[in-house]
Structures are given as structure tokens and as C-alpha cells.
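For reference, coords24.cif is printed below; it contains mmCIF, C-alpha atoms and all ligand atoms.
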data_work
#
loop_
_atom_site.label_atom_id
_atom_site.label_comp_id
_atom_site.auth_asym_id
_atom_site.auth_seq_id
_atom_site.Cartn_x
_atom_site.Cartn_y
_atom_site.Cartn_z
CA MET A 1 -73.93 49.62 100.20
CA THR A 2 -74.66 47.93 103.50
CA GLU A 3 -77.99 49.78 103.36
CA GLY A 4 -80.80 47.62 102.13
CA THR A 5 -79.09 44.37 103.06
CA LEU A 6 -80.09 41.68 105.52
CA LYS A 7 -77.64 39.36 107.26
CA ILE A 8 -78.73 35.77 106.79
CA GLY A 9 -75.82 34.00 108.41
CA SER A 10 -72.13 33.87 108.97
CA PHE A 11 -69.43 31.32 108.22
CA SER A 12 -65.75 31.44 109.19
CA ARG A 13 -66.30 34.91 110.70
CA ILE A 14 -67.53 36.37 107.39
CA PRO A 15 -71.18 37.51 107.40
CA ILE A 16 -73.40 36.66 104.41
CA LYS A 17 -75.92 39.36 103.53
CA VAL A 18 -78.65 39.56 100.92
CA HIS A 19 -79.57 42.76 99.14
CA TRP A 20 -83.29 43.59 99.18
CA THR A 21 -83.47 43.25 95.38
CA PHE A 22 -82.47 39.62 95.90
CA GLY A 23 -85.49 39.15 98.18
CA VAL A 24 -87.74 40.68 95.52
CA MET A 25 -86.28 38.29 92.95
CA ILE A 26 -86.97 35.28 95.21
CA LEU A 27 -90.59 36.39 95.62
CA PHE A 28 -90.97 37.00 91.89
CA VAL A 29 -89.41 33.66 90.94
CA SER A 30 -91.44 31.77 93.57
CA TYR A 31 -94.59 33.45 92.32
CA SER A 32 -93.95 32.56 88.69
CA ILE A 33 -93.00 28.99 89.62
CA PHE A 34 -96.08 28.31 91.73
CA THR A 35 -98.53 29.95 89.34
CA SER A 36 -97.22 27.86 86.44
CA ASP A 37 -99.18 24.76 85.43
CA GLN A 38 -96.40 22.37 86.47
CA LYS A 39 -96.76 19.66 89.10
CA MET A 40 -95.91 20.50 92.72
CA GLU A 41 -92.84 18.20 92.75
CA GLU A 42 -91.47 19.98 89.72
CA ASN A 43 -92.02 23.38 91.35
CA LEU A 44 -90.16 22.25 94.46
CA ALA A 45 -87.36 20.81 92.31
CA THR A 46 -87.02 24.16 90.52
CA LEU A 47 -86.79 25.96 93.86
CA ALA A 48 -84.24 23.43 95.13
CA PHE A 49 -82.23 23.99 91.96
CA LEU A 50 -82.18 27.77 92.52
CA GLY A 51 -81.19 27.20 96.15
CA ALA A 52 -78.33 24.92 95.08
CA LEU A 53 -77.26 27.44 92.45
CA PHE A 54 -76.99 30.23 95.00
CA LEU A 55 -75.15 27.93 97.38
CA CYS A 56 -72.59 27.46 94.59
CA VAL A 57 -72.37 31.25 94.19
CA ILE A 58 -71.76 31.60 97.95
CA LEU A 59 -69.06 28.91 97.82
CA HIS A 60 -67.49 30.80 94.90
CA GLU A 61 -67.31 33.96 97.04
CA TYR A 62 -65.84 32.01 99.94
CA GLY A 63 -63.19 30.82 97.51
CA HIS A 64 -62.16 34.45 97.08
CA ALA A 65 -62.58 35.39 100.74
CA LEU A 66 -60.68 32.51 102.31
CA THR A 67 -57.85 32.81 99.76
CA ALA A 68 -57.68 36.55 100.46
CA ARG A 69 -57.38 35.79 104.18
CA ARG A 70 -54.24 33.74 103.48
CA PHE A 71 -52.67 36.91 102.06
CA GLY A 72 -53.79 39.05 104.99
CA VAL A 73 -56.73 40.69 103.16
CA VAL A 74 -59.86 40.84 105.33
CA THR A 75 -63.31 40.27 103.79
CA ARG A 76 -65.91 42.54 105.38
CA ASP A 77 -68.92 40.59 104.10
CA ILE A 78 -70.40 38.66 101.21
CA ILE A 79 -73.42 40.28 99.55
CA LEU A 80 -75.85 38.42 97.32
CA SER A 81 -77.80 40.32 94.68
CA PRO A 82 -79.80 39.14 91.65
CA ILE A 83 -76.70 39.54 89.44
CA GLY A 84 -74.56 37.34 91.69
CA GLY A 85 -72.36 37.63 94.74
CA VAL A 86 -69.65 40.03 95.84
CA ALA A 87 -67.02 39.44 98.53
CA ARG A 88 -66.27 42.96 99.76
CA MET A 89 -62.66 43.25 100.88
CA GLU A 90 -61.27 45.78 103.33
CA SER A 91 -58.29 46.49 101.11
CA MET A 92 -56.93 45.64 97.69
CA PRO A 93 -54.32 42.89 97.50
CA GLU A 94 -51.03 44.73 96.98
CA LYS A 95 -49.10 42.22 94.94
CA PRO A 96 -50.32 41.28 91.44
CA PHE A 97 -49.65 37.63 92.23
CA HIS A 98 -51.96 37.78 95.26
CA GLU A 99 -54.71 39.42 93.22
CA PHE A 100 -54.26 36.76 90.53
CA VAL A 101 -54.66 33.89 93.00
CA ILE A 102 -57.58 35.50 94.88
CA ALA A 103 -59.46 36.22 91.64
CA LEU A 104 -58.86 32.73 90.26
CA ALA A 105 -59.94 30.98 93.49
CA GLY A 106 -63.66 31.82 92.99
CA PRO A 107 -64.14 30.33 89.51
CA LEU A 108 -61.90 27.43 90.52
CA VAL A 109 -64.41 26.48 93.25
CA ASN A 110 -67.13 26.15 90.57
CA PHE A 111 -64.80 24.18 88.34
CA ILE A 112 -64.05 21.73 91.16
CA ILE A 113 -67.76 21.34 92.05
CA GLY A 114 -68.59 20.82 88.35
CA LEU A 115 -65.76 18.35 87.90
CA GLY A 116 -66.75 16.38 91.00
CA PHE A 117 -70.35 15.97 89.80
CA ALA A 118 -69.21 15.30 86.23
CA ILE A 119 -67.06 12.39 87.43
CA TYR A 120 -69.99 11.05 89.47
CA LEU A 121 -72.32 11.31 86.44
CA PHE A 122 -69.73 9.75 84.15
CA VAL A 123 -69.29 6.75 86.43
CA PHE A 124 -72.91 6.14 87.46
CA THR A 125 -75.04 7.43 84.57
CA ASP A 126 -74.83 7.49 80.81
CA HIS A 127 -74.29 11.21 80.22
CA ILE A 128 -72.89 14.28 81.98
CA PHE A 129 -74.90 17.19 80.58
CA PRO A 130 -78.69 17.47 80.02
CA GLU A 131 -79.52 16.37 76.48
CA VAL A 132 -82.04 19.18 76.00
CA VAL A 133 -81.75 22.20 78.28
CA ASP A 134 -85.41 22.64 79.23
CA PHE A 135 -84.98 22.84 83.02
CA HIS A 136 -87.06 19.80 83.85
CA PHE A 137 -85.63 17.96 86.82
CA ASN A 138 -87.61 14.74 86.64
CA GLU A 139 -84.93 12.58 88.29
CA THR A 140 -81.96 13.01 90.61
CA GLY A 141 -79.41 12.43 87.86
CA GLU A 142 -80.97 15.16 85.73
CA PHE A 143 -80.94 17.54 88.71
CA ILE A 144 -77.22 16.93 89.22
CA ARG A 145 -76.62 17.39 85.47
CA TYR A 146 -78.03 20.92 85.68
CA ILE A 147 -75.94 21.71 88.75
CA THR A 148 -72.87 20.48 86.85
CA LEU A 149 -73.76 22.55 83.79
CA MET A 150 -74.37 25.69 85.87
CA ASN A 151 -71.05 25.35 87.68
CA PHE A 152 -69.16 25.04 84.40
CA LEU A 153 -71.09 28.06 83.09
CA LEU A 154 -70.25 30.04 86.24
CA PHE A 155 -66.62 29.05 85.77
CA GLY A 156 -66.59 30.18 82.14
CA PHE A 157 -68.64 33.34 82.63
CA ASN A 158 -66.49 34.60 85.47
CA LEU A 159 -63.34 34.08 83.45
CA ILE A 160 -64.44 36.56 80.75
CA PRO A 161 -61.47 38.96 80.87
CA ALA A 162 -63.51 42.10 81.64
CA PHE A 163 -64.26 44.02 84.85
CA PRO A 164 -66.19 43.44 87.06
CA MET A 165 -65.75 39.74 86.32
CA ASP A 166 -62.96 37.77 87.97
CA GLY A 167 -61.36 37.36 84.56
CA GLY A 168 -60.90 41.15 84.44
CA ARG A 169 -59.02 41.02 87.73
CA ILE A 170 -56.90 38.11 86.54
CA LEU A 171 -56.06 40.03 83.36
CA ARG A 172 -55.24 43.16 85.37
CA ALA A 173 -52.99 41.18 87.72
CA ILE A 174 -51.04 39.75 84.77
CA LEU A 175 -50.75 43.17 83.10
CA SER A 176 -49.90 44.94 86.39
CA ALA A 177 -46.94 42.66 86.98
CA ARG A 178 -45.38 44.16 83.83
CA LEU A 179 -46.96 47.59 83.46
CA GLY A 180 -47.66 48.66 87.04
CA ARG A 181 -51.10 48.89 88.59
CA ILE A 182 -52.44 52.06 86.96
CA LEU A 183 -51.41 51.26 83.40
CA GLY A 184 -52.28 47.59 83.95
CA THR A 185 -55.80 48.58 85.03
CA LYS A 186 -56.12 51.01 82.12
CA VAL A 187 -55.24 48.36 79.53
CA ALA A 188 -57.45 45.76 81.26
CA THR A 189 -60.35 48.26 81.25
CA PHE A 190 -59.82 48.91 77.54
CA ILE A 191 -59.82 45.19 76.72
CA GLY A 192 -62.92 44.73 78.90
CA ARG A 193 -64.75 47.49 77.02
CA LEU A 194 -63.84 45.93 73.67
CA ILE A 195 -65.32 42.64 74.83
CA ALA A 196 -68.42 44.47 76.08
CA VAL A 197 -68.92 46.11 72.68
CA LEU A 198 -68.49 42.72 71.04
CA PHE A 199 -71.21 41.31 73.33
CA ILE A 200 -73.56 44.17 72.45
CA ILE A 201 -72.98 43.73 68.70
CA MET A 202 -73.48 39.96 68.99
CA GLY A 203 -76.58 40.56 71.12
CA ILE A 204 -78.07 42.72 68.35
CA PHE A 205 -77.17 40.39 65.47
CA LEU A 206 -78.25 37.22 67.25
CA ALA A 207 -81.30 38.99 68.73
CA GLU A 208 -80.17 37.83 72.19
CA ILE A 209 -81.25 40.57 74.55
CA VAL A 210 -79.50 38.98 77.57
CA LEU A 211 -76.15 39.03 75.77
CA GLY A 212 -76.65 42.68 74.87
CA LEU A 213 -77.57 43.60 78.45
CA ILE A 214 -74.50 41.78 79.82
CA GLY A 215 -72.38 43.76 77.36
CA LEU A 216 -73.98 47.03 78.44
CA PHE A 217 -73.46 46.16 82.11
CA ILE A 218 -69.78 45.30 81.60
CA PHE A 219 -69.24 48.48 79.60
CA MET A 220 -70.70 50.67 82.36
CA MET A 221 -68.86 48.92 85.19
CA ALA A 222 -65.47 48.77 83.46
CA GLY A 223 -64.46 52.38 84.15
CA LYS A 224 -65.17 52.13 87.89
CA GLU A 225 -62.28 49.78 88.52
CA TYR A 226 -59.89 52.15 86.75
CA ASP A 227 -61.13 55.15 88.76
CA GLN A 228 -60.69 53.20 91.96
CA ALA A 229 -57.14 52.13 91.10
CA ARG A 230 -56.30 55.74 90.25
CA ILE A 231 -57.72 57.04 93.56
CA THR A 232 -55.94 54.34 95.60
CA MET A 233 -52.67 55.30 93.90
CA LEU A 234 -53.33 58.99 94.56
CA LEU A 235 -54.09 58.41 98.25
CA GLY A 236 -50.79 56.58 98.57
CA LYS A 237 -48.88 59.48 97.02
CA THR A 238 -50.61 62.43 98.74
CA THR A 239 -49.32 63.38 102.19
CA ALA A 240 -51.29 64.60 105.19
CA ALA A 241 -49.48 67.95 104.97
CA GLU A 242 -50.82 68.58 101.46
CA ILE A 243 -54.51 68.67 102.31
CA MET A 244 -54.55 69.38 106.07
CA ARG A 245 -56.55 72.35 107.33
CA THR A 246 -54.23 74.81 109.10
CA ALA A 247 -56.92 77.25 110.26
CA PHE A 248 -58.78 75.28 112.90
CA THR A 249 -60.40 75.93 116.27
CA ARG A 250 -58.71 74.60 119.39
CA LEU A 251 -61.49 73.66 121.80
CA HIS A 252 -60.89 73.75 125.55
CA LEU A 253 -62.34 71.36 128.07
CA SER A 254 -64.57 74.03 129.60
CA ASP A 255 -66.00 75.33 126.29
CA THR A 256 -69.74 74.88 125.90
CA TYR A 257 -71.36 73.20 122.95
CA SER A 258 -73.18 76.41 122.02
CA MET A 259 -69.79 77.73 120.91
CA VAL A 260 -68.99 74.48 119.08
CA ILE A 261 -72.32 74.63 117.25
CA GLU A 262 -71.62 78.23 116.24
CA LYS A 263 -68.30 77.14 114.68
CA TYR A 264 -70.04 74.19 113.08
CA TYR A 265 -72.66 76.33 111.35
CA ARG A 266 -70.73 79.56 110.70
CA GLU A 267 -67.27 78.30 109.82
CA GLY A 268 -67.97 74.86 108.43
CA GLU A 269 -65.68 72.98 110.81
CA GLN A 270 -67.16 69.56 111.45
CA ASN A 271 -64.72 67.78 113.76
CA PHE A 272 -62.61 69.37 116.49
CA LEU A 273 -59.51 68.81 118.60
CA VAL A 274 -59.73 69.43 122.36
CA PHE A 275 -56.84 70.81 124.44
CA ASP A 276 -56.38 71.02 128.20
CA SER A 277 -55.34 74.18 130.07
CA LEU A 278 -51.65 73.41 129.49
CA GLY A 279 -52.25 73.20 125.74
CA ASN A 280 -51.88 69.44 125.49
CA LEU A 281 -54.07 67.56 123.04
CA SER A 282 -56.53 65.62 125.18
CA GLY A 283 -59.38 64.48 122.97
CA THR A 284 -61.71 65.17 120.07
CA VAL A 285 -65.27 66.21 119.35
CA PRO A 286 -66.51 64.39 116.25
CA GLU A 287 -69.42 65.67 114.15
CA LEU A 288 -71.57 62.81 115.47
CA PHE A 289 -71.51 64.34 118.99
CA ILE A 290 -72.38 67.81 117.68
CA LYS A 291 -75.36 66.44 115.77
CA ASP A 292 -76.45 64.64 118.92
CA ILE A 293 -76.33 67.86 120.96
CA ILE A 294 -78.28 69.74 118.25
CA LYS A 295 -80.87 66.98 118.05
CA HIS A 296 -81.43 66.82 121.81
CA ASN A 297 -81.11 70.57 122.20
CA THR A 298 -78.55 70.51 125.01
CA PRO A 299 -76.05 73.24 124.01
CA ASP A 300 -75.22 74.03 127.66
CA LYS A 301 -73.16 70.88 127.94
CA THR A 302 -69.43 71.49 128.12
CA VAL A 303 -66.89 69.77 125.93
CA ASN A 304 -65.44 67.66 128.77
CA GLN A 305 -68.93 66.28 129.45
CA LEU A 306 -69.17 64.85 125.95
CA MET A 307 -65.95 64.19 124.08
CA SER A 308 -63.85 61.31 122.83
CA GLY A 309 -60.67 60.75 124.81
CA LYS A 310 -58.99 59.30 121.75
CA ALA A 311 -56.60 61.80 120.18
CA VAL A 312 -54.20 60.67 117.49
CA THR A 313 -51.39 62.69 115.95
CA VAL A 314 -50.00 61.77 112.53
CA SER A 315 -46.79 63.00 110.94
CA PRO A 316 -47.16 65.50 108.05
CA SER A 317 -45.33 63.12 105.73
CA GLN A 318 -47.75 60.23 106.30
CA SER A 319 -49.80 59.27 103.25
CA LEU A 320 -53.57 59.71 103.14
CA LYS A 321 -53.84 55.97 102.60
CA GLU A 322 -52.18 55.37 105.99
CA VAL A 323 -54.29 58.06 107.65
CA ILE A 324 -57.54 56.58 106.30
CA GLU A 325 -56.53 53.12 107.53
CA LEU A 326 -55.66 54.53 110.97
CA MET A 327 -58.99 56.37 111.20
CA LYS A 328 -60.86 53.21 110.22
CA ASN A 329 -59.02 51.03 112.73
CA GLU A 330 -59.33 53.51 115.59
CA GLY A 331 -62.86 54.55 114.70
CA ILE A 332 -61.98 58.24 114.73
CA ALA A 333 -63.15 61.11 112.53
CA ILE A 334 -60.26 63.55 113.01
CA VAL A 335 -56.49 63.44 113.52
CA ALA A 336 -53.96 66.12 114.47
CA VAL A 337 -51.10 66.63 112.01
CA GLY A 338 -47.69 67.45 113.46
CA ASP A 339 -45.78 66.13 116.47
CA ASP A 340 -46.31 66.20 120.22
CA GLN A 341 -44.77 69.67 120.55
CA HIS A 342 -46.36 71.36 117.60
CA ILE A 343 -49.65 70.68 115.86
CA MET A 344 -49.66 72.19 112.39
CA GLY A 345 -53.14 71.29 111.26
CA ILE A 346 -56.01 68.84 111.25
CA LEU A 347 -57.28 66.23 108.87
CA ASP A 348 -60.82 64.91 109.17
CA ARG A 349 -63.04 62.42 107.42
CA ASN A 350 -65.03 65.13 105.65
CA GLY A 351 -61.87 66.74 104.32
CA ILE A 352 -60.55 63.47 102.94
CA GLU A 353 -63.93 62.54 101.42
CA ASN A 354 -64.04 65.94 99.76
CA PHE A 355 -60.56 65.41 98.32
CA ILE A 356 -61.57 62.01 96.93
CA ARG A 357 -64.77 63.46 95.45
CA ILE A 358 -62.92 66.27 93.66
CA LYS A 359 -60.31 63.89 92.30
CA SER A 360 -62.96 61.38 91.15
CA GLU A 361 -64.76 63.86 88.92
ZN ZN A 401 -65.76 35.81 91.71
#
Representation of the structure as C-alpha cells:
Amino acid sequence: MTEGTLKIGSFSRIPIKVHWTFGVMILFVSYSIFTSDQKMEENLATLAFLGALFLCVILHEYGHALTARRFGVVTRDIILSPIGGVARMESMPEKPFHEFVIALAGPLVNFIIGLGFAIYLFVFTDHIFPEVVDFHFNETGEFIRYITLMNFLLFGFNLIPAFPMDGGRILRAILSARLGRILGTKVATFIGRLIAVLFIIMGIFLAEIVLGLIGLFIFMMAGKEYDQARITMLLGKTTAAEIMRTAFTRLHLSDTYSMVIEKYYREGEQNFLVFDSLGNLSGTVPELFIKDIIKHNTPDKTVNQLMSGKAVTVSPSQSLKEVIELMKNEGIAIVAVGDDQHIMGILDRNGIENFIRIKSE
């Protein structure tokens, strides 16, 4: 979901992006603040409070991201949306212990911030939390009290043991260590759903719509994590040989794109391998190039005029998980399956996506 996001900065080589809905929320909140009948200083204080709150959310995400880096897990970016932040990781931490520490690191950041301010307030003022929570920041101490309160709330909220909260991941990590990842995720999902139902029931009885909505949100998101764990497991167990396409066209360097386009439309092949006159694999034609030729209407071009010189062969016994990683790292859309002497089939991005789609249903 990189679409609809805007990069606002980068820290420690991890870009921070905001989703457009976040921008809409800022506008909406600013509008309702400045059209209220409060004094200008109070309006600015409210805005500063929201800014500080989101800074704490960003720091929370960096807690996850920088801890993940220690275990070799790369964070692609951090995305802010109205419901909070997400640190999107390239891969899942393999070991339950790593997942446990990475998941805990985020809430721990809020706990430390909260604790730091609480100590300050305890030493220099007469109370730590606002006496009445009415969101009036009439003095610096009161401002800090709200920041402290919000950080403790963020800490507590994220530790609710239900996906997609960090607590759900912590619970899964603990369960996975004993039950394995799939069963661990399944049990964690079940517990998360129970909690969600509890929230919804409480929301109805206490007439707290926010509580009910949180419950509904957790309930809907819970299953996704389980599906993802199942697919990851499946990709690790399925070999290239199992889903490779054995009927494929071998393009030659002198072939024209009009022939490639014909294959593309008539036979549904989307990515191709290219061979030289001696039959050696010498490159690929990804779908992107074919679309480009169609768009610019230049079918007379030959394959050697527009092709990628990168050609990778994978062994039939390699797992789809490894193949996907290889494709991502090399930026390629197709691989040959076999060895240097004999290519048995091809595996392309579209084929793998199709496999994942069928298995996800
Ligand atoms: Zn988190």
C-alpha cells in the first residue's frame, strides 16, 4: 500500500511516509480546532499536543524497526495512518524469540517516555496525571501530564493480546515457541477474536461506540495474520518444480516483438527467457518491456534490442520462498528452473502470485 502515501522524511535509512487519510485527518482536526471558540494559544497547544503524540507513535515504530535491524530484519518504511503507525518489514522474524523482542520494543519505547516524564512530574510538580481529563493544556506541566498519560495508554493499548496489536505478536511468539508457528498463530488469532468479541459486548453495554469499533476492527484484522502465516509456511514447503510452467516459448535474440506480443495475447505467457543461437540462456523479456512496446507501438524491434541481460536459473528443489526472495533482490520477473545443461521450465511473478491467490481463498 505504498500508493496514496507521501514521504515526509527519513531517519536511520528508514523512510517515514504518511497515508493520504492521515492528511485528511490533520485537515479535519485543524479545522475543528480553529473553528472552536477557544483562545488561539489553546488551539496551538492542542496542535502541539497532537504533533507530540504522533512523534511518540513514530518513536514507537522506530523501536520495532531498529530492534528488527539487530536481528537482520530490514524495515522497508514506516507508514502513518489515522489509526496509528506501521513499520513494514521485508520479512518475518524467523525465531519466536526475535519476534517477541521486536514486538515488545515498540510499547517499551512509550513506557520509557512515559516513565521519564512521570519521574520529572513527580519530582517537580505535585501530581503526575491530569486531575480531570478535559484536554486543556493551560500550563507546561499539564501539557507534559497529557503526554505522559498518552504514552502509558499507548503502552497498554498495544499490549492487548490480539492481532494486529503488538500484544498479539507477543502472544503468538510465546505460543509459537511451544506449538510451532502455524498452530501458535491459530491459537493467538482465536484468543484475539475472543477479546474482540468482549470489546464489542462491552461497547454495547457501556454504550461506548469507540470500544465497539475497536473490537470490530480487531475481529476483522485477526484472521489476516493467520492467513499470512499459513501462506509463508506454504511458500517454504512448495518447490519450484511443483508449480513451474513446462510449456514455454524460447525466444531467440533475432525474434521480433510482434511475435512476442502474439504469444503474450494468444497464449497468455507474460515473461520470457531468451536464448542465443547455441541454445544458451542469455537474458529475459519481462512483461514490463512487452507493455512498453505495445504502448509505443514499436513491434518491429527485435528481442536483442530490448531485453534484460539478467538470467537466473534456480534448482527445481528450491522453495518458492527462496525464489521470491531472489526475484525481489535481483529485480527480475522470471527465472529458469533446471541447471545449466537442461532447463525444465520457467517460474514467473505472475505464476507465483496466481498460486498465492488460489491458496489464499
Ligand atoms: Zn507497535
Practice task
Name all residues at most 12 Å from region 260-268 of chain A (count all atoms listed in the file; drop same-chain ones fewer than 4 positions away) and give them as a PyMOL selection string.
Solution key: chain A and resi 245+247-256+272-274+284-295+297-303+306-307+350-351
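Nearest-residue note for Leu108 (chain A): choosing from A:Tyr146, A:Phe155, A:Phe71, A:Phe135, the minimum distance belongs to A:Phe155, counting all atoms listed in the file.
Near ligand ZN 401 (chain A), the residues found within 6 Å are A:Glu61, A:Gly106, A:Asp166 (criterion computed using all atoms listed in the file).
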Practice task
Counting all atoms listed in the file, figure out which residue out of A:Tyr120, A:Phe163, A:Phe152, A:Phe137 gets nearest to Glu41 (chain A).
Solution key: A:Phe137
Problem - Residues within 9 Å of region 234-238 of chain A, all atoms listed in the file, excluding chain neighbours under 4 positions, as an NGL selection string - result: :A and (229-230 or 242-243 or 317-322 or 324 or 356 or 359)
Identify the residues within 9 Å of coordinate (-64.5, 32.5, 108.0) (same frame as the file), considering all atoms listed in the file, and give the answer as a PDB file with C-alpha atoms, in the frame of the given file.
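As a result, out.pdb now contains:
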ATOM      1  CA  SER A  10     -72.130  33.870 108.970  1.00  0.00           C
ATOM      2  CA  PHE A  11     -69.430  31.320 108.220  1.00  0.00           C
ATOM      3  CA  SER A  12     -65.750  31.440 109.190  1.00  0.00           C
ATOM      4  CA  ARG A  13     -66.300  34.910 110.700  1.00  0.00           C
ATOM      5  CA  ILE A  14     -67.530  36.370 107.390  1.00  0.00           C
ATOM      6  CA  PRO A  15     -71.180  37.510 107.400  1.00  0.00           C
ATOM      7  CA  TYR A  62     -65.840  32.010  99.940  1.00  0.00           C
ATOM      8  CA  ALA A  65     -62.580  35.390 100.740  1.00  0.00           C
ATOM      9  CA  LEU A  66     -60.680  32.510 102.310  1.00  0.00           C
ATOM     10  CA  ARG A  69     -57.380  35.790 104.180  1.00  0.00           C
ATOM     11  CA  THR A  75     -63.310  40.270 103.790  1.00  0.00           C
TER      12      THR A  75
END
Fill in the blank from the handout: The residue from A:Pro130, A:Leu213, A:Gln38, A:Pro164 with the smallest atom-to-atom distance to Val86 (chain A), counting all atoms listed in the file, is A:Pro164
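Checking A:Phe129, A:Tyr31, A:Phe219, A:Phe355 one by one against Glu142 (chain A), counting all atoms listed in the file, you find the shortest gap at A:Phe129.
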Practice task
May I have the residues within 10 Å of Asp339 (chain A) as a list in words, using all atoms listed in the file and disregarding those fewer than 2 positions away in the same chain?
Solution key: Thr313, Val314, Ser315, Pro316, Ala336, Val337, Gln341, His342, Ile343 and Met344 of chain A
Write the residues of the preceding selection, restricted to C-alpha atoms, as an mmCIF file, in the frame of the given file.
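File produced: out.cif:
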data_model
loop_
_atom_site.group_PDB
_atom_site.id
_atom_site.type_symbol
_atom_site.label_atom_id
_atom_site.label_comp_id
_atom_site.auth_asym_id
_atom_site.auth_seq_id
_atom_site.Cartn_x
_atom_site.Cartn_y
_atom_site.Cartn_z
ATOM 1 C CA THR A 313 -51.390 62.690 115.950
ATOM 2 C CA VAL A 314 -50.000 61.770 112.530
ATOM 3 C CA SER A 315 -46.790 63.000 110.940
ATOM 4 C CA PRO A 316 -47.160 65.500 108.050
ATOM 5 C CA ALA A 336 -53.960 66.120 114.470
ATOM 6 C CA VAL A 337 -51.100 66.630 112.010
ATOM 7 C CA GLN A 341 -44.770 69.670 120.550
ATOM 8 C CA HIS A 342 -46.360 71.360 117.600
ATOM 9 C CA ILE A 343 -49.650 70.680 115.860
ATOM 10 C CA MET A 344 -49.660 72.190 112.390
#
Assuming 5 Å of padding per side, give the centre and edge lengths of the axis-aligned box around every listed atom of region 213-222 of chain A, in Å to one decimal and as lines of an AutoDock Vina configuration file.
center_x = -71.5
center_y = 46.2
center_z = 81.3
size_x = 22.1
size_y = 18.9
size_z = 17.8
Handout entry: Neighbour list for Lys186 (chain A) as a ChimeraX atom specification, cut-off 12 Å, all atoms listed in the file, skip fewer than 2 positions in-chain
Key = /A:162-163,168-169,171-173,175-176,179-184,188-193,222-230
Contacts of Glu330 (chain A) at 12 Å (only C-alpha atoms; same-chain gap of 2+ positions) as a short mmCIF file (atom, residue, chain, number, x, y, z; two decimals) with C-alpha atoms, in the frame of the given file:
data_model
loop_
_atom_site.label_atom_id
_atom_site.label_comp_id
_atom_site.auth_asym_id
_atom_site.auth_seq_id
_atom_site.Cartn_x
_atom_site.Cartn_y
_atom_site.Cartn_z
CA SER A 308 -63.85 61.31 122.83
CA GLY A 309 -60.67 60.75 124.81
CA LYS A 310 -58.99 59.30 121.75
CA ALA A 311 -56.60 61.80 120.18
CA VAL A 312 -54.20 60.67 117.49
CA VAL A 323 -54.29 58.06 107.65
CA ILE A 324 -57.54 56.58 106.30
CA GLU A 325 -56.53 53.12 107.53
CA LEU A 326 -55.66 54.53 110.97
CA MET A 327 -58.99 56.37 111.20
CA LYS A 328 -60.86 53.21 110.22
CA ILE A 332 -61.98 58.24 114.73
CA ALA A 333 -63.15 61.11 112.53
CA ILE A 334 -60.26 63.55 113.01
CA VAL A 335 -56.49 63.44 113.52
#
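Between CA of Ile79 (chain A) and CA of Lys17 (chain A) lies a distance of 4.8 Å.
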Exercise for the section: Could you tell me which of A:Ile231, A:Val24, A:Leu115, A:Leu281 comes closest to Ser360 (chain A) if we count all atoms listed in the file? Expected result: A:Ile231
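For the residues A:Ile83, A:Ala177, A:Met40, A:Ile128, ranking by smallest atom-to-atom distance to Phe97 (chain A) using only C-alpha atoms places A:Ala177 first.
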Practice task
List every protein, DNA or RNA residue with an atom no more than 12 Å from (-65.7, 28.5, 91.6) in the file's coordinates, counting all atoms listed in the file, and format the result as number ranges by chain.
Solution key: A: 53-65, 85, 102-115, 148, 150-159, 166
With C-alpha atoms kept, could you save the residues just selected as a PDB file, in the frame of the given file?
ATOM      1  CA  LEU A  53     -77.260  27.440  92.450  1.00  0.00           C
ATOM      2  CA  PHE A  54     -76.990  30.230  95.000  1.00  0.00           C
ATOM      3  CA  LEU A  55     -75.150  27.930  97.380  1.00  0.00           C
ATOM      4  CA  CYS A  56     -72.590  27.460  94.590  1.00  0.00           C
ATOM      5  CA  VAL A  57     -72.370  31.250  94.190  1.00  0.00           C
ATOM      6  CA  ILE A  58     -71.760  31.600  97.950  1.00  0.00           C
ATOM      7  CA  LEU A  59     -69.060  28.910  97.820  1.00  0.00           C
ATOM      8  CA  HIS A  60     -67.490  30.800  94.900  1.00  0.00           C
ATOM      9  CA  GLU A  61     -67.310  33.960  97.040  1.00  0.00           C
ATOM     10  CA  TYR A  62     -65.840  32.010  99.940  1.00  0.00           C
ATOM     11  CA  GLY A  63     -63.190  30.820  97.510  1.00  0.00           C
ATOM     12  CA  HIS A  64     -62.160  34.450  97.080  1.00  0.00           C
ATOM     13  CA  ALA A  65     -62.580  35.390 100.740  1.00  0.00           C
ATOM     14  CA  GLY A  85     -72.360  37.630  94.740  1.00  0.00           C
ATOM     15  CA  ILE A 102     -57.580  35.500  94.880  1.00  0.00           C
ATOM     16  CA  ALA A 103     -59.460  36.220  91.640  1.00  0.00           C
ATOM     17  CA  LEU A 104     -58.860  32.730  90.260  1.00  0.00           C
ATOM     18  CA  ALA A 105     -59.940  30.980  93.490  1.00  0.00           C
ATOM     19  CA  GLY A 106     -63.660  31.820  92.990  1.00  0.00           C
ATOM     20  CA  PRO A 107     -64.140  30.330  89.510  1.00  0.00           C
ATOM     21  CA  LEU A 108     -61.900  27.430  90.520  1.00  0.00           C
ATOM     22  CA  VAL A 109     -64.410  26.480  93.250  1.00  0.00           C
ATOM     23  CA  ASN A 110     -67.130  26.150  90.570  1.00  0.00           C
ATOM     24  CA  PHE A 111     -64.800  24.180  88.340  1.00  0.00           C
ATOM     25  CA  ILE A 112     -64.050  21.730  91.160  1.00  0.00           C
ATOM     26  CA  ILE A 113     -67.760  21.340  92.050  1.00  0.00           C
ATOM     27  CA  GLY A 114     -68.590  20.820  88.350  1.00  0.00           C
ATOM     28  CA  LEU A 115     -65.760  18.350  87.900  1.00  0.00           C
ATOM     29  CA  THR A 148     -72.870  20.480  86.850  1.00  0.00           C
ATOM     30  CA  MET A 150     -74.370  25.690  85.870  1.00  0.00           C
ATOM     31  CA  ASN A 151     -71.050  25.350  87.680  1.00  0.00           C
ATOM     32  CA  PHE A 152     -69.160  25.040  84.400  1.00  0.00           C
ATOM     33  CA  LEU A 153     -71.090  28.060  83.090  1.00  0.00           C
ATOM     34  CA  LEU A 154     -70.250  30.040  86.240  1.00  0.00           C
ATOM     35  CA  PHE A 155     -66.620  29.050  85.770  1.00  0.00           C
ATOM     36  CA  GLY A 156     -66.590  30.180  82.140  1.00  0.00           C
ATOM     37  CA  PHE A 157     -68.640  33.340  82.630  1.00  0.00           C
ATOM     38  CA  ASN A 158     -66.490  34.600  85.470  1.00  0.00           C
ATOM     39  CA  LEU A 159     -63.340  34.080  83.450  1.00  0.00           C
ATOM     40  CA  ASP A 166     -62.960  37.770  87.970  1.00  0.00           C
TER      41      ASP A 166
END
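Taking CA of Leu211 (chain A) and CA of Thr46 (chain A) as endpoints, the distance between them is 23.6 Å.
With CA of Glu131 (chain A) on one side and CA of Phe143 (chain A) on the other, the separation reads 12.4 Å.
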